[in-house]
$ cat structure.txt   # compact mmCIF, C-alpha atoms
# COMPACT_ATOMS: atom_id res chain seq x y z
CA MET Q 747 -52.30 48.61 12.64
CA LYS Q 748 -52.96 45.26 10.96
CA LYS Q 749 -49.61 45.48 9.18
CA THR Q 750 -47.82 46.14 12.49
CA LEU Q 751 -49.53 43.15 14.14
CA PHE Q 752 -48.63 40.94 11.20
CA ILE Q 753 -44.95 41.97 11.43
CA LEU Q 754 -44.89 41.41 15.21
CA LEU Q 755 -46.54 38.00 14.82
CA SER Q 756 -44.10 37.02 12.08
CA LEU Q 757 -41.12 38.03 14.22
CA THR Q 758 -42.52 36.00 17.16
CA ILE Q 759 -42.93 32.90 14.98
CA TYR Q 760 -39.43 33.35 13.50
CA LYS Q 761 -37.84 33.67 16.96
CA THR Q 762 -39.74 30.60 18.19
CA VAL Q 763 -38.63 28.48 15.23
CA CYS Q 764 -35.02 29.64 15.61
CA ALA Q 765 -35.07 28.87 19.33
CA GLN Q 766 -36.29 25.33 18.60
CA SER Q 767 -33.77 24.61 15.84
CA LYS Q 768 -30.72 26.25 17.39
CA PRO Q 769 -28.63 23.80 19.49
CA ASP Q 770 -28.36 24.55 23.19
CA ILE Q 771 -24.96 26.10 23.78
CA THR Q 772 -25.44 27.03 27.40
CA LEU Q 773 -23.94 23.86 28.90
CA THR Q 774 -20.19 23.66 29.26
CA ILE Q 775 -18.16 20.48 28.75
CA ASN Q 776 -17.95 20.00 32.50
CA ASP Q 777 -21.71 20.51 32.80
CA ILE Q 778 -22.35 17.85 30.16
CA ILE Q 779 -20.00 15.34 31.79
CA ALA Q 780 -21.66 15.97 35.15
CA GLU Q 781 -25.11 15.43 33.63
CA VAL Q 782 -23.97 12.16 32.02
CA GLN Q 783 -22.52 10.96 35.33
CA LYS Q 784 -25.76 11.85 37.07
CA ALA Q 785 -27.78 9.84 34.52
CA GLN Q 786 -25.36 6.91 34.85
CA GLN Q 787 -25.66 6.88 38.65
CA ALA Q 788 -29.37 6.14 38.21
CA LEU Q 789 -28.71 3.07 36.06
CA GLN Q 790 -29.60 -0.32 37.52
CA THR Q 791 -30.09 -2.56 34.50
CA ILE Q 792 -29.35 -2.10 30.82
CA GLU Q 793 -30.34 -4.12 27.77
CA TYR Q 794 -29.07 -3.07 24.37
CA THR Q 795 -28.31 -4.22 20.86
CA LEU Q 796 -25.22 -2.80 19.24
CA GLN Q 797 -23.34 -2.68 15.97
CA ARG Q 798 -19.58 -2.38 16.10
CA THR Q 799 -17.72 -1.44 12.92
CA ASP Q 800 -13.95 -1.81 12.99
CA THR Q 801 -11.61 -0.32 10.42
CA LEU Q 802 -8.25 -1.97 11.09
CA VAL Q 803 -4.70 -0.89 10.28
CA THR Q 804 -4.52 -3.84 7.90
CA GLY Q 805 -7.12 -2.08 5.73
CA ASN Q 806 -9.79 -4.66 6.56
CA THR Q 807 -13.24 -3.80 7.91
CA ARG Q 808 -15.36 -6.03 10.13
CA ILE Q 809 -18.86 -5.56 11.47
CA ILE Q 810 -20.07 -7.21 14.67
CA THR Q 811 -23.62 -7.08 15.98
CA GLY Q 812 -25.28 -8.59 19.01
CA LYS Q 813 -27.06 -8.23 22.33
CA VAL Q 814 -25.83 -7.31 25.81
CA LEU Q 815 -27.50 -7.45 29.24
CA LEU Q 816 -25.94 -5.53 32.15
CA GLN Q 817 -26.66 -5.56 35.87
CA ILE Q 818 -24.95 -2.52 37.39
CA ILE Q 819 -22.78 -3.40 40.40
CA PRO Q 820 -20.85 -0.24 41.36
CA GLN Q 821 -18.63 -2.09 43.83
CA ASP Q 822 -17.41 -4.55 41.19
CA SER Q 823 -13.73 -3.71 40.66
CA ILE Q 824 -13.36 -5.45 37.28
CA TYR Q 825 -16.19 -4.06 35.14
CA GLY Q 826 -18.61 -2.27 37.46
CA PHE Q 827 -21.37 -4.57 36.22
CA HIS Q 828 -22.28 -8.19 35.60
CA PHE Q 829 -23.09 -9.06 32.01
CA PHE Q 830 -24.35 -11.47 29.41
CA ALA Q 831 -23.16 -10.87 25.83
CA LYS Q 832 -24.00 -12.71 22.61
CA GLN Q 833 -22.65 -11.93 19.15
CA ASP Q 834 -25.01 -12.56 16.24
CA GLY Q 835 -24.02 -15.62 14.23
CA ASP Q 836 -21.60 -16.84 16.92
CA ASN Q 837 -22.07 -20.13 18.77
CA SER Q 838 -20.80 -18.81 22.10
CA GLU Q 839 -21.97 -16.60 24.95
CA GLN Q 840 -19.84 -14.56 27.35
CA VAL Q 841 -21.04 -14.18 30.94
CA TYR Q 842 -19.51 -12.48 33.98
CA ASP Q 843 -21.10 -12.77 37.43
CA GLY Q 844 -18.56 -10.81 39.46
CA HIS Q 845 -16.52 -13.89 40.37
CA ILE Q 846 -16.39 -16.13 37.31
CA ALA Q 847 -15.92 -15.55 33.59
CA TYR Q 848 -17.86 -18.02 31.43
CA HIS Q 849 -17.45 -18.91 27.76
CA THR Q 850 -20.07 -21.25 26.33
CA ASP Q 851 -20.07 -23.43 23.25
CA GLN Q 852 -23.69 -23.86 22.20
CA ASP Q 853 -22.90 -26.44 19.51
CA LYS Q 854 -21.04 -28.75 21.90
CA LYS Q 855 -23.24 -27.91 24.88
CA ARG Q 856 -20.32 -27.09 27.15
CA TYR Q 857 -18.80 -24.15 28.98
CA GLU Q 858 -15.42 -23.01 30.23
CA MET Q 859 -14.88 -20.93 33.34
CA SER Q 860 -12.07 -18.76 34.67
CA ILE Q 861 -11.48 -16.89 37.91
CA THR Q 862 -8.25 -15.14 36.92
CA GLY Q 863 -7.59 -11.57 35.84
CA ALA Q 864 -6.42 -12.86 32.46
CA GLY Q 865 -9.68 -14.76 32.07
CA PHE Q 866 -11.71 -11.65 32.88
CA SER Q 867 -9.75 -9.61 30.33
CA ARG Q 868 -10.12 -12.31 27.67
CA LEU Q 869 -13.88 -12.19 28.15
CA ALA Q 870 -14.07 -8.62 26.80
CA GLY Q 871 -12.07 -9.52 23.69
CA THR Q 872 -14.05 -12.55 22.59
CA GLY Q 873 -17.38 -12.94 20.80
CA GLY Q 874 -20.11 -10.84 22.37
CA GLY Q 875 -17.64 -9.43 24.90
CA ARG Q 876 -16.44 -7.16 22.10
CA LEU Q 877 -19.83 -5.44 22.19
CA LEU Q 878 -19.33 -4.03 25.67
CA MET Q 879 -19.53 -0.23 25.53
CA ARG Q 880 -18.15 0.69 28.94
CA ASP Q 881 -18.65 4.43 28.53
CA LEU Q 882 -22.38 3.73 28.58
CA VAL Q 883 -22.05 2.76 32.25
CA LYS Q 884 -19.20 5.02 33.31
CA ILE Q 885 -17.93 7.78 31.06
CA ASP Q 886 -14.13 7.74 30.93
CA THR Q 887 -12.36 11.03 30.31
CA SER Q 888 -9.09 10.01 31.96
CA ARG Q 889 -5.75 10.65 30.26
CA ALA Q 890 -7.34 13.38 28.11
CA SER Q 891 -5.01 16.06 26.76
CA LYS Q 892 -8.07 18.11 25.83
CA ILE Q 893 -11.81 17.69 25.36
CA THR Q 894 -13.77 19.45 22.63
CA LEU Q 895 -17.50 19.77 22.12
CA ALA Q 896 -19.80 19.76 19.12
CA GLN Q 897 -23.56 19.30 18.99
CA ASP Q 898 -26.70 19.18 16.92
CA GLU Q 899 -30.36 19.10 17.85
CA LYS Q 900 -30.27 15.54 19.24
CA TYR Q 901 -26.72 14.88 20.38
CA TYR Q 902 -23.65 16.25 22.09
CA TYR Q 903 -20.33 15.01 20.69
CA LEU Q 904 -17.52 14.96 23.23
CA ALA Q 905 -14.16 14.43 21.55
CA ILE Q 906 -11.66 13.24 24.15
CA HIS Q 907 -8.19 13.73 22.73
CA HIS Q 908 -5.25 11.70 24.02
CA PRO Q 909 -1.54 12.54 23.70
CA ASP Q 910 0.30 11.18 20.67
CA LEU Q 911 2.55 8.20 21.31
CA THR Q 912 5.40 9.62 19.26
CA GLU Q 913 7.69 6.76 20.23
CA TYR Q 914 5.43 4.41 18.27
CA ASP Q 915 4.19 6.96 15.72
CA VAL Q 916 0.63 6.60 17.01
CA VAL Q 917 -1.06 9.95 16.45
CA ARG Q 918 -4.44 11.67 16.35
CA ARG Q 919 -5.70 9.52 19.21
CA ARG Q 920 -9.20 10.42 20.26
CA LYS Q 921 -12.42 8.95 21.55
CA THR Q 922 -15.65 10.63 20.50
CA ILE Q 923 -18.67 9.94 22.70
CA THR Q 924 -22.10 10.68 21.22
CA ILE Q 925 -24.49 11.69 24.01
CA ASP Q 926 -28.25 11.59 23.55
CA LYS Q 927 -29.65 14.91 24.81
CA ALA Q 928 -32.92 13.27 25.82
CA SER Q 929 -31.40 10.69 28.17
CA MET Q 930 -27.93 12.24 28.65
CA LEU Q 931 -26.48 8.76 28.10
CA PRO Q 932 -23.87 7.74 25.51
CA ALA Q 933 -25.45 6.41 22.32
CA ALA Q 934 -22.22 5.72 20.41
CA VAL Q 935 -18.46 5.72 20.90
CA ARG Q 936 -15.77 6.07 18.24
CA GLU Q 937 -12.14 5.24 19.10
CA HIS Q 938 -9.69 6.55 16.51
CA GLN Q 939 -5.94 6.54 16.06
CA GLU Q 940 -3.46 6.61 13.18
CA THR Q 941 -0.06 4.96 12.81
CA PHE Q 942 2.32 5.15 9.86
CA GLY Q 943 -0.44 6.56 7.70
CA LYS Q 944 -2.82 3.71 8.56
CA THR Q 945 -6.09 4.25 10.44
CA GLN Q 946 -7.63 2.22 13.21
CA ASP Q 947 -11.21 3.21 13.88
CA LEU Q 948 -13.56 1.32 16.20
CA TYR Q 949 -17.17 2.52 16.16
CA TYR Q 950 -19.75 1.27 18.70
CA HIS Q 951 -23.33 2.28 17.90
CA ILE Q 952 -26.29 1.30 20.08
CA THR Q 953 -29.28 0.37 17.94
CA GLY Q 954 -31.71 -0.45 20.76
CA LEU Q 955 -31.57 0.57 24.42
CA LYS Q 956 -33.69 -0.34 27.44
CA ILE Q 957 -32.76 0.94 30.89
CA ASN Q 958 -33.92 -0.05 34.36
CA LYS Q 959 -36.24 -2.78 33.08
CA PRO Q 960 -36.37 -6.26 34.66
CA LEU Q 961 -33.81 -8.61 33.08
CA ASN Q 962 -34.85 -12.18 32.44
CA TYR Q 963 -31.41 -13.48 33.34
CA ASN Q 964 -29.77 -14.82 36.50
CA PHE Q 965 -26.07 -13.96 36.34
CA SER Q 966 -25.27 -15.94 39.49
CA SER Q 967 -26.88 -19.09 38.08
CA PRO Q 968 -26.88 -18.85 34.29
CA PRO Q 969 -29.14 -21.43 32.60
CA PHE Q 970 -26.33 -23.27 30.81
CA LEU Q 971 -24.92 -24.52 34.13
CA SER Q 972 -27.72 -27.07 34.33
CA GLU Q 973 -27.85 -27.79 30.59
CA TYR Q 974 -24.16 -27.93 29.58
CA THR Q 975 -21.11 -29.80 30.82
CA GLN Q 976 -17.97 -28.06 32.00
CA PHE Q 977 -15.02 -28.23 29.64
CA ILE Q 978 -11.52 -28.11 31.08
CA PRO Q 979 -8.97 -27.60 28.28
CA ALA Q 980 -5.99 -29.90 28.35
CA LYS Q 981 -2.61 -28.26 28.44
CA THR Q 982 -1.49 -28.16 24.83
CA THR Q 983 1.92 -27.93 23.26
CA HIS Q 984 2.43 -25.46 20.43
CA PRO Q 985 3.41 -27.29 17.19
CA ALA Q 986 6.48 -25.07 16.80
CA LEU Q 987 7.97 -26.48 20.00
CA SER Q 988 8.53 -29.76 18.16
CA LEU Q 989 11.41 -27.97 16.39
CA VAL Q 990 13.40 -27.56 19.62
CA ASN Q 991 16.59 -29.68 19.61
CA THR Q 992 16.20 -30.44 15.90
CA LYS Q 993 18.03 -29.11 12.84
CA SER Q 994 16.64 -25.72 11.88
CA PRO Q 995 14.59 -25.62 8.67
CA ALA Q 996 16.38 -23.97 5.77
CA LEU Q 997 15.69 -20.26 5.47
CA ALA Q 998 15.86 -18.02 2.38
CA LEU Q 999 14.38 -14.54 2.80
CA THR Q 1000 15.06 -10.97 1.67
CA SER Q 1001 15.94 -8.14 4.03
CA PHE Q 1002 14.38 -4.70 3.91
CA ASP Q 1003 17.51 -3.38 2.19
CA GLY Q 1004 17.21 -5.98 -0.57
CA LYS Q 1005 19.85 -8.46 0.59
CA LYS Q 1006 19.28 -12.20 0.40
CA VAL Q 1007 19.61 -13.97 3.73
CA THR Q 1008 19.93 -17.75 3.85
CA SER Q 1009 20.79 -20.35 6.46
CA SER Q 1010 24.37 -20.36 5.21
CA ASP Q 1011 24.73 -16.88 6.73
CA PHE Q 1012 24.14 -18.44 10.17
CA LYS Q 1013 27.35 -20.49 10.18
CA ASP Q 1014 29.23 -20.27 13.49
CA LYS Q 1015 26.70 -17.74 14.82
CA VAL Q 1016 23.98 -17.84 17.42
CA VAL Q 1017 20.91 -16.48 15.63
CA LEU Q 1018 17.73 -15.09 17.15
CA LEU Q 1019 14.70 -14.81 14.86
CA ASP Q 1020 12.39 -12.11 16.20
CA LEU Q 1021 8.94 -12.55 14.60
CA TRP Q 1022 6.91 -9.36 15.04
CA GLU Q 1023 4.28 -7.14 13.40
CA VAL Q 1024 3.63 -3.39 13.45
CA TRP Q 1025 0.20 -3.84 15.03
CA CYS Q 1026 1.59 -5.88 17.96
CA GLY Q 1027 2.10 -3.67 21.04
CA PRO Q 1028 4.31 -6.14 22.96
CA CYS Q 1029 6.47 -6.57 19.86
CA ILE Q 1030 7.17 -2.84 19.72
CA ILE Q 1031 7.76 -2.62 23.46
CA ASN Q 1032 10.35 -5.40 23.20
CA MET Q 1033 12.27 -3.77 20.33
CA PRO Q 1034 14.73 -1.81 22.50
CA LYS Q 1035 15.50 -5.03 24.37
CA MET Q 1036 16.24 -6.82 21.09
CA GLU Q 1037 18.48 -3.97 19.93
CA ASN Q 1038 20.33 -3.87 23.26
CA LEU Q 1039 20.98 -7.63 23.20
CA TYR Q 1040 22.18 -7.39 19.60
CA GLN Q 1041 24.63 -4.61 20.41
CA LYS Q 1042 25.78 -6.30 23.61
CA TYR Q 1043 26.63 -9.71 22.11
CA ARG Q 1044 27.17 -9.21 18.36
CA SER Q 1045 30.95 -9.13 18.82
CA LYS Q 1046 30.70 -12.60 20.35
CA GLY Q 1047 28.92 -14.09 17.35
CA PHE Q 1048 25.29 -13.19 18.09
CA GLN Q 1049 22.98 -12.14 15.24
CA VAL Q 1050 19.36 -10.96 15.37
CA TYR Q 1051 16.99 -11.05 12.39
CA GLY Q 1052 13.56 -9.51 12.64
CA VAL Q 1053 10.90 -11.22 10.51
CA ILE Q 1054 7.66 -9.59 9.29
CA ASN Q 1055 4.99 -11.93 7.92
CA ASP Q 1056 2.13 -9.45 7.40
CA LEU Q 1057 3.47 -8.30 4.06
CA LYS Q 1058 0.77 -5.64 3.66
CA GLN Q 1059 2.45 -3.73 6.49
CA LEU Q 1060 6.00 -3.71 5.09
CA GLU Q 1061 6.08 0.03 4.42
CA ALA Q 1062 4.84 0.79 7.93
CA ALA Q 1063 7.41 -1.67 9.30
CA ARG Q 1064 10.23 0.12 7.45
CA LYS Q 1065 9.19 3.42 8.99
CA LEU Q 1066 8.89 1.89 12.45
CA ILE Q 1067 12.37 0.34 12.57
CA LYS Q 1068 13.82 3.67 11.47
CA ILE Q 1069 12.00 5.50 14.25
CA LYS Q 1070 12.99 2.87 16.82
CA GLY Q 1071 16.64 2.91 15.75
CA VAL Q 1072 16.76 -0.81 14.95
CA THR Q 1073 20.10 -1.73 13.38
CA PHE Q 1074 19.75 -5.50 13.01
CA PRO Q 1075 18.35 -6.75 9.66
CA VAL Q 1076 14.59 -7.20 9.25
CA LEU Q 1077 13.39 -9.78 6.74
CA SER Q 1078 10.19 -10.21 4.75
CA GLY Q 1079 8.59 -13.54 5.61
CA SER Q 1080 7.08 -16.05 3.19
CA SER Q 1081 4.49 -18.81 3.15
CA GLN Q 1082 7.31 -21.36 3.12
CA PHE Q 1083 8.89 -19.76 6.18
CA LYS Q 1084 5.58 -19.87 8.07
CA LYS Q 1085 5.07 -23.51 7.13
CA ASP Q 1086 8.61 -24.62 8.00
CA PHE Q 1087 8.69 -22.83 11.37
CA LYS Q 1088 5.05 -23.72 12.18
CA PHE Q 1089 4.17 -20.07 12.62
CA ASP Q 1090 0.47 -19.48 13.33
CA GLY Q 1091 0.50 -15.69 13.61
CA GLY Q 1092 1.15 -15.43 17.36
CA VAL Q 1093 3.64 -12.63 18.00
CA PRO Q 1094 6.07 -11.74 19.39
CA MET Q 1095 7.67 -15.14 18.77
CA TYR Q 1096 11.37 -15.84 19.28
CA ILE Q 1097 13.42 -18.70 17.81
CA LEU Q 1098 17.05 -19.25 18.85
CA ILE Q 1099 19.35 -21.24 16.57
CA ASP Q 1100 22.79 -22.27 17.86
CA LYS Q 1101 26.18 -22.29 16.14
CA ILE Q 1102 25.66 -25.72 14.58
CA GLY Q 1103 22.21 -24.89 13.21
CA MET Q 1104 20.06 -26.52 15.89
CA VAL Q 1105 16.90 -24.88 17.20
CA ARG Q 1106 17.53 -24.59 20.94
CA TRP Q 1107 14.77 -22.33 22.25
CA ILE Q 1108 11.35 -21.01 21.18
CA ASN Q 1109 9.25 -18.61 23.21
CA TRP Q 1110 6.50 -16.01 22.95
CA GLY Q 1111 5.72 -12.75 24.71
CA GLU Q 1112 8.11 -11.05 27.10
CA ALA Q 1113 10.52 -14.04 27.33
CA ALA Q 1114 12.22 -12.89 30.53
CA ASP Q 1115 14.92 -15.58 30.33
CA MET Q 1116 16.02 -14.66 26.80
CA GLU Q 1117 19.41 -13.18 27.71
CA GLU Q 1118 20.27 -16.17 29.85
CA VAL Q 1119 19.47 -18.50 26.93
CA ILE Q 1120 21.59 -16.41 24.53
CA VAL Q 1121 24.60 -16.35 26.88
CA ARG Q 1122 24.37 -20.12 27.32
CA ALA Q 1123 24.28 -20.67 23.55
CA LEU Q 1124 27.30 -18.42 23.00
CA GLN Q 1125 29.50 -20.42 25.39
$ encode --input "structure.txt" --output "structure tokens"
Amino acid sequence: MKKTLFILLSLTIYKTVCAQSKPDITLTINDIIAEVQKAQQALQTIEYTLQRTDTLVTGNTRIITGKVLLQIIPQDSIYGFHFFAKQDGDNSEQVYDGHIAYHTDQDKKRYEMSITGAGFSRLAGTGGGRLLMRDLVKIDTSRASKITLAQDEKYYYLAIHHPDLTEYDVVRRRKTITIDKASMLPAAVREHQETFGKTQDLYYHITGLKINKPLNYNFSSPPFLSEYTQFIPAKTTHPALSLVNTKSPALALTSFDGKKVTSSDFKDKVVLLDLWEVWCGPCIINMPKMENLYQKYRSKGFQVYGVINDLKQLEAARKLIKIKGVTFPVLSGSSQFKKDFKFDGGVPMYILIDKIGMVRWINWGEAADMEEVIVRALQ
């Protein structure tokens, strides 16, 4: 009898231990998302510290830490919240009150403000703004090709897979959201993608979280307004623009197929230098336009040269131009080239040199009037 009781007791203890250690597998992915959304709907204020670790396609790694305060405003169409963000070791703060984006300079006791969409977007890419973990406030599963689930005793791991961008060789795109089972709120987010064998991995990890506690901050009247002076940047001219209507600096570079290209090759041609990098989205988007212009006007004396200055990405660049069907030569840049053409890394950058070797036009970004400028130079 005693032996039977001992066996029954042992089995009961074993089942209890197993039940405690075995992850809950009863919730479906949709159930989990619904539970997260329910927890997020109850959010009013959030205070957190966060560490962001970025592994970039250049092979470099950077770590950013700091503090963020959020006031949830569901009707806000930009972020869905007002915020204060401060990166450790940085002399600036980023603040958004629903109408104005503020950047402060603590050393100079001044602030800048913007009320434009571009200013709001810039806020999230600068200083403490890079610590915003938006899935904490509103989980985003849009554009998912599939969602997979893993879990352990403390966390669910939702892997939100996105379609490959085969046109740009961007593959294995996914966002993994770590969800705390106790609060059903995201505790970390990892954004991962690979391109030309290089990995970009952005990992946001909350190290301290307080929810629905009073915030000692007035977003509508931040303290620096009474302590700092407003700074209004003067309109500046990029140093490279001083080259316009002057003789082009001499150029001597090597193309991807090993050929030397010098300024003497430009004689009696209109030449467009297309400065781009593999990690620059607008550069890649503009490539078909560059190829079309080259094919359209090459018989009239028009020549395009791509120029890559991030020499660590040359192999990826070679693969990309093959995939994109680029037929114009692409050159490897040099420190002398960057110095002579006053290149500061901003891409895409376009430099047009006319038939007598004069720089006639320099522009950045989409450059909507490019074809008009080319046609004028060819006349």
$ closest_residue --input "structure.txt" --among "Q:Gln1125, Q:Asn958, Q:Thr912, Q:Gln1049" --to "Ile1097 in chain Q" --atoms "only C-alpha atoms"
Q:Gln1049
$ residues_around --input "structure.txt" --residues "Gly835 in chain Q" --least-positions-apart "6" --cutoff "10 Å" --atoms "only C-alpha atoms" --output "list of chain:residue names"
Q:Ile810, Q:Thr811, Q:Gly812, Q:Gly873
$ write_last_selection --input "structure.txt" --atoms "C-alpha atoms" --output "CSV table (one decimal), in the frame of the given file"
chain,number,residue,atom,x,y,z
Q,810,ILE,CA,-20.1,-7.2,14.7
Q,811,THR,CA,-23.6,-7.1,16.0
Q,812,GLY,CA,-25.3,-8.6,19.0
Q,873,GLY,CA,-17.4,-12.9,20.8
$ atom_distance --input "structure.txt" --atom1 "CA of Val1017 in chain Q" --atom2 "CA of Ile1069 in chain Q"
23.8 Å
$ closest_residue --input "structure.txt" --among "Q:His828, Q:Lys981, Q:Arg808, Q:Lys1084" --to "Arg880 in chain Q" --atoms "all atoms listed in the file"
Q:His828
$ closest_residue --input "structure.txt" --among "Q:Gly1091, Q:Gly844, Q:Pro960, Q:Gly805" --to "Gln821 in chain Q" --atoms "all atoms listed in the file"
Q:Gly844
$ residues_around --input "structure.txt" --residues "Glu1061 in chain Q" --least-positions-apart "3" --cutoff "10 Å" --atoms "all atoms listed in the file" --output "ChimeraX atom specification"
/Q:942-943,1002,1024,1057-1058,1064-1066
$ closest_residue --input "structure.txt" --among "Q:Lys1042, Q:Val990, Q:Ser1081, Q:Val1076" --to "Trp1107 in chain Q" --atoms "only C-alpha atoms"
Q:Val990
$ residues_around --input "structure.txt" --residues "Asn837 in chain Q" --least-positions-apart "6" --cutoff "9 Å" --atoms "only C-alpha atoms" --output "JSON, numbers by chain"
{"Q": [850, 851, 852, 853, 873]}
$ closest_residue --input "structure.txt" --among "Q:Ile819, Q:Ala1063, Q:Val803, Q:Leu878" --to "Ala831 in chain Q" --atoms "all atoms listed in the file"
Q:Leu878
$ decode --input "structure.txt" --residues "range 1041-1048 of chain Q" --atoms "all heavy atoms" --output "compact mmCIF listing (two decimals), in the first residue's frame"
# COMPACT_ATOMS: atom_id res chain seq x y z
N GLN Q 1041 21.21 54.87 -72.46
CA GLN Q 1041 20.86 54.22 -73.73
C GLN Q 1041 20.21 55.21 -74.70
O GLN Q 1041 20.42 55.14 -75.92
CB GLN Q 1041 19.92 53.04 -73.48
CG GLN Q 1041 20.54 51.90 -72.69
CD GLN Q 1041 21.70 51.25 -73.41
OE1 GLN Q 1041 21.84 51.35 -74.63
NE2 GLN Q 1041 22.56 50.58 -72.65
N LYS Q 1042 19.44 56.13 -74.16
CA LYS Q 1042 18.70 57.08 -74.99
C LYS Q 1042 19.61 58.10 -75.67
O LYS Q 1042 19.38 58.48 -76.83
CB LYS Q 1042 17.67 57.80 -74.13
CG LYS Q 1042 16.71 58.70 -74.91
CD LYS Q 1042 15.63 59.24 -73.97
CE LYS Q 1042 14.64 60.14 -74.72
NZ LYS Q 1042 13.57 60.62 -73.81
N TYR Q 1043 20.69 58.52 -74.99
CA TYR Q 1043 21.49 59.63 -75.51
C TYR Q 1043 22.95 59.28 -75.80
O TYR Q 1043 23.71 60.15 -76.23
CB TYR Q 1043 21.44 60.80 -74.51
CG TYR Q 1043 20.07 61.40 -74.35
CD1 TYR Q 1043 19.34 61.21 -73.18
CD2 TYR Q 1043 19.49 62.15 -75.38
CE1 TYR Q 1043 18.06 61.76 -73.03
CE2 TYR Q 1043 18.22 62.71 -75.24
CZ TYR Q 1043 17.52 62.50 -74.07
OH TYR Q 1043 16.25 63.04 -73.93
N ARG Q 1044 23.36 58.05 -75.61
CA ARG Q 1044 24.77 57.71 -75.81
C ARG Q 1044 25.20 57.94 -77.25
O ARG Q 1044 26.36 58.32 -77.50
CB ARG Q 1044 25.04 56.26 -75.39
CG ARG Q 1044 24.27 55.21 -76.18
CD ARG Q 1044 24.50 53.81 -75.65
NE ARG Q 1044 25.90 53.42 -75.74
CZ ARG Q 1044 26.36 52.20 -75.48
NH1 ARG Q 1044 25.51 51.25 -75.09
NH2 ARG Q 1044 27.64 51.92 -75.58
N SER Q 1045 24.31 57.73 -78.20
CA SER Q 1045 24.67 57.93 -79.61
C SER Q 1045 24.88 59.40 -79.94
O SER Q 1045 25.46 59.75 -80.98
CB SER Q 1045 23.59 57.35 -80.53
OG SER Q 1045 22.34 58.02 -80.33
N LYS Q 1046 24.44 60.28 -79.03
CA LYS Q 1046 24.61 61.72 -79.25
C LYS Q 1046 25.78 62.29 -78.47
O LYS Q 1046 25.95 63.50 -78.37
CB LYS Q 1046 23.31 62.44 -78.85
CG LYS Q 1046 22.11 62.02 -79.70
CD LYS Q 1046 20.86 62.78 -79.30
CE LYS Q 1046 19.67 62.34 -80.16
NZ LYS Q 1046 18.43 63.08 -79.79
N GLY Q 1047 26.58 61.38 -77.87
CA GLY Q 1047 27.77 61.85 -77.17
C GLY Q 1047 27.61 61.94 -75.66
O GLY Q 1047 28.37 62.64 -74.99
N PHE Q 1048 26.65 61.18 -75.11
CA PHE Q 1048 26.41 61.20 -73.66
C PHE Q 1048 27.01 59.96 -73.02
O PHE Q 1048 26.83 58.84 -73.50
CB PHE Q 1048 24.91 61.24 -73.40
CG PHE Q 1048 24.53 61.20 -71.94
CD1 PHE Q 1048 24.98 62.17 -71.07
CD2 PHE Q 1048 23.70 60.20 -71.45
CE1 PHE Q 1048 24.62 62.14 -69.73
CE2 PHE Q 1048 23.32 60.16 -70.12
CZ PHE Q 1048 23.79 61.14 -69.25
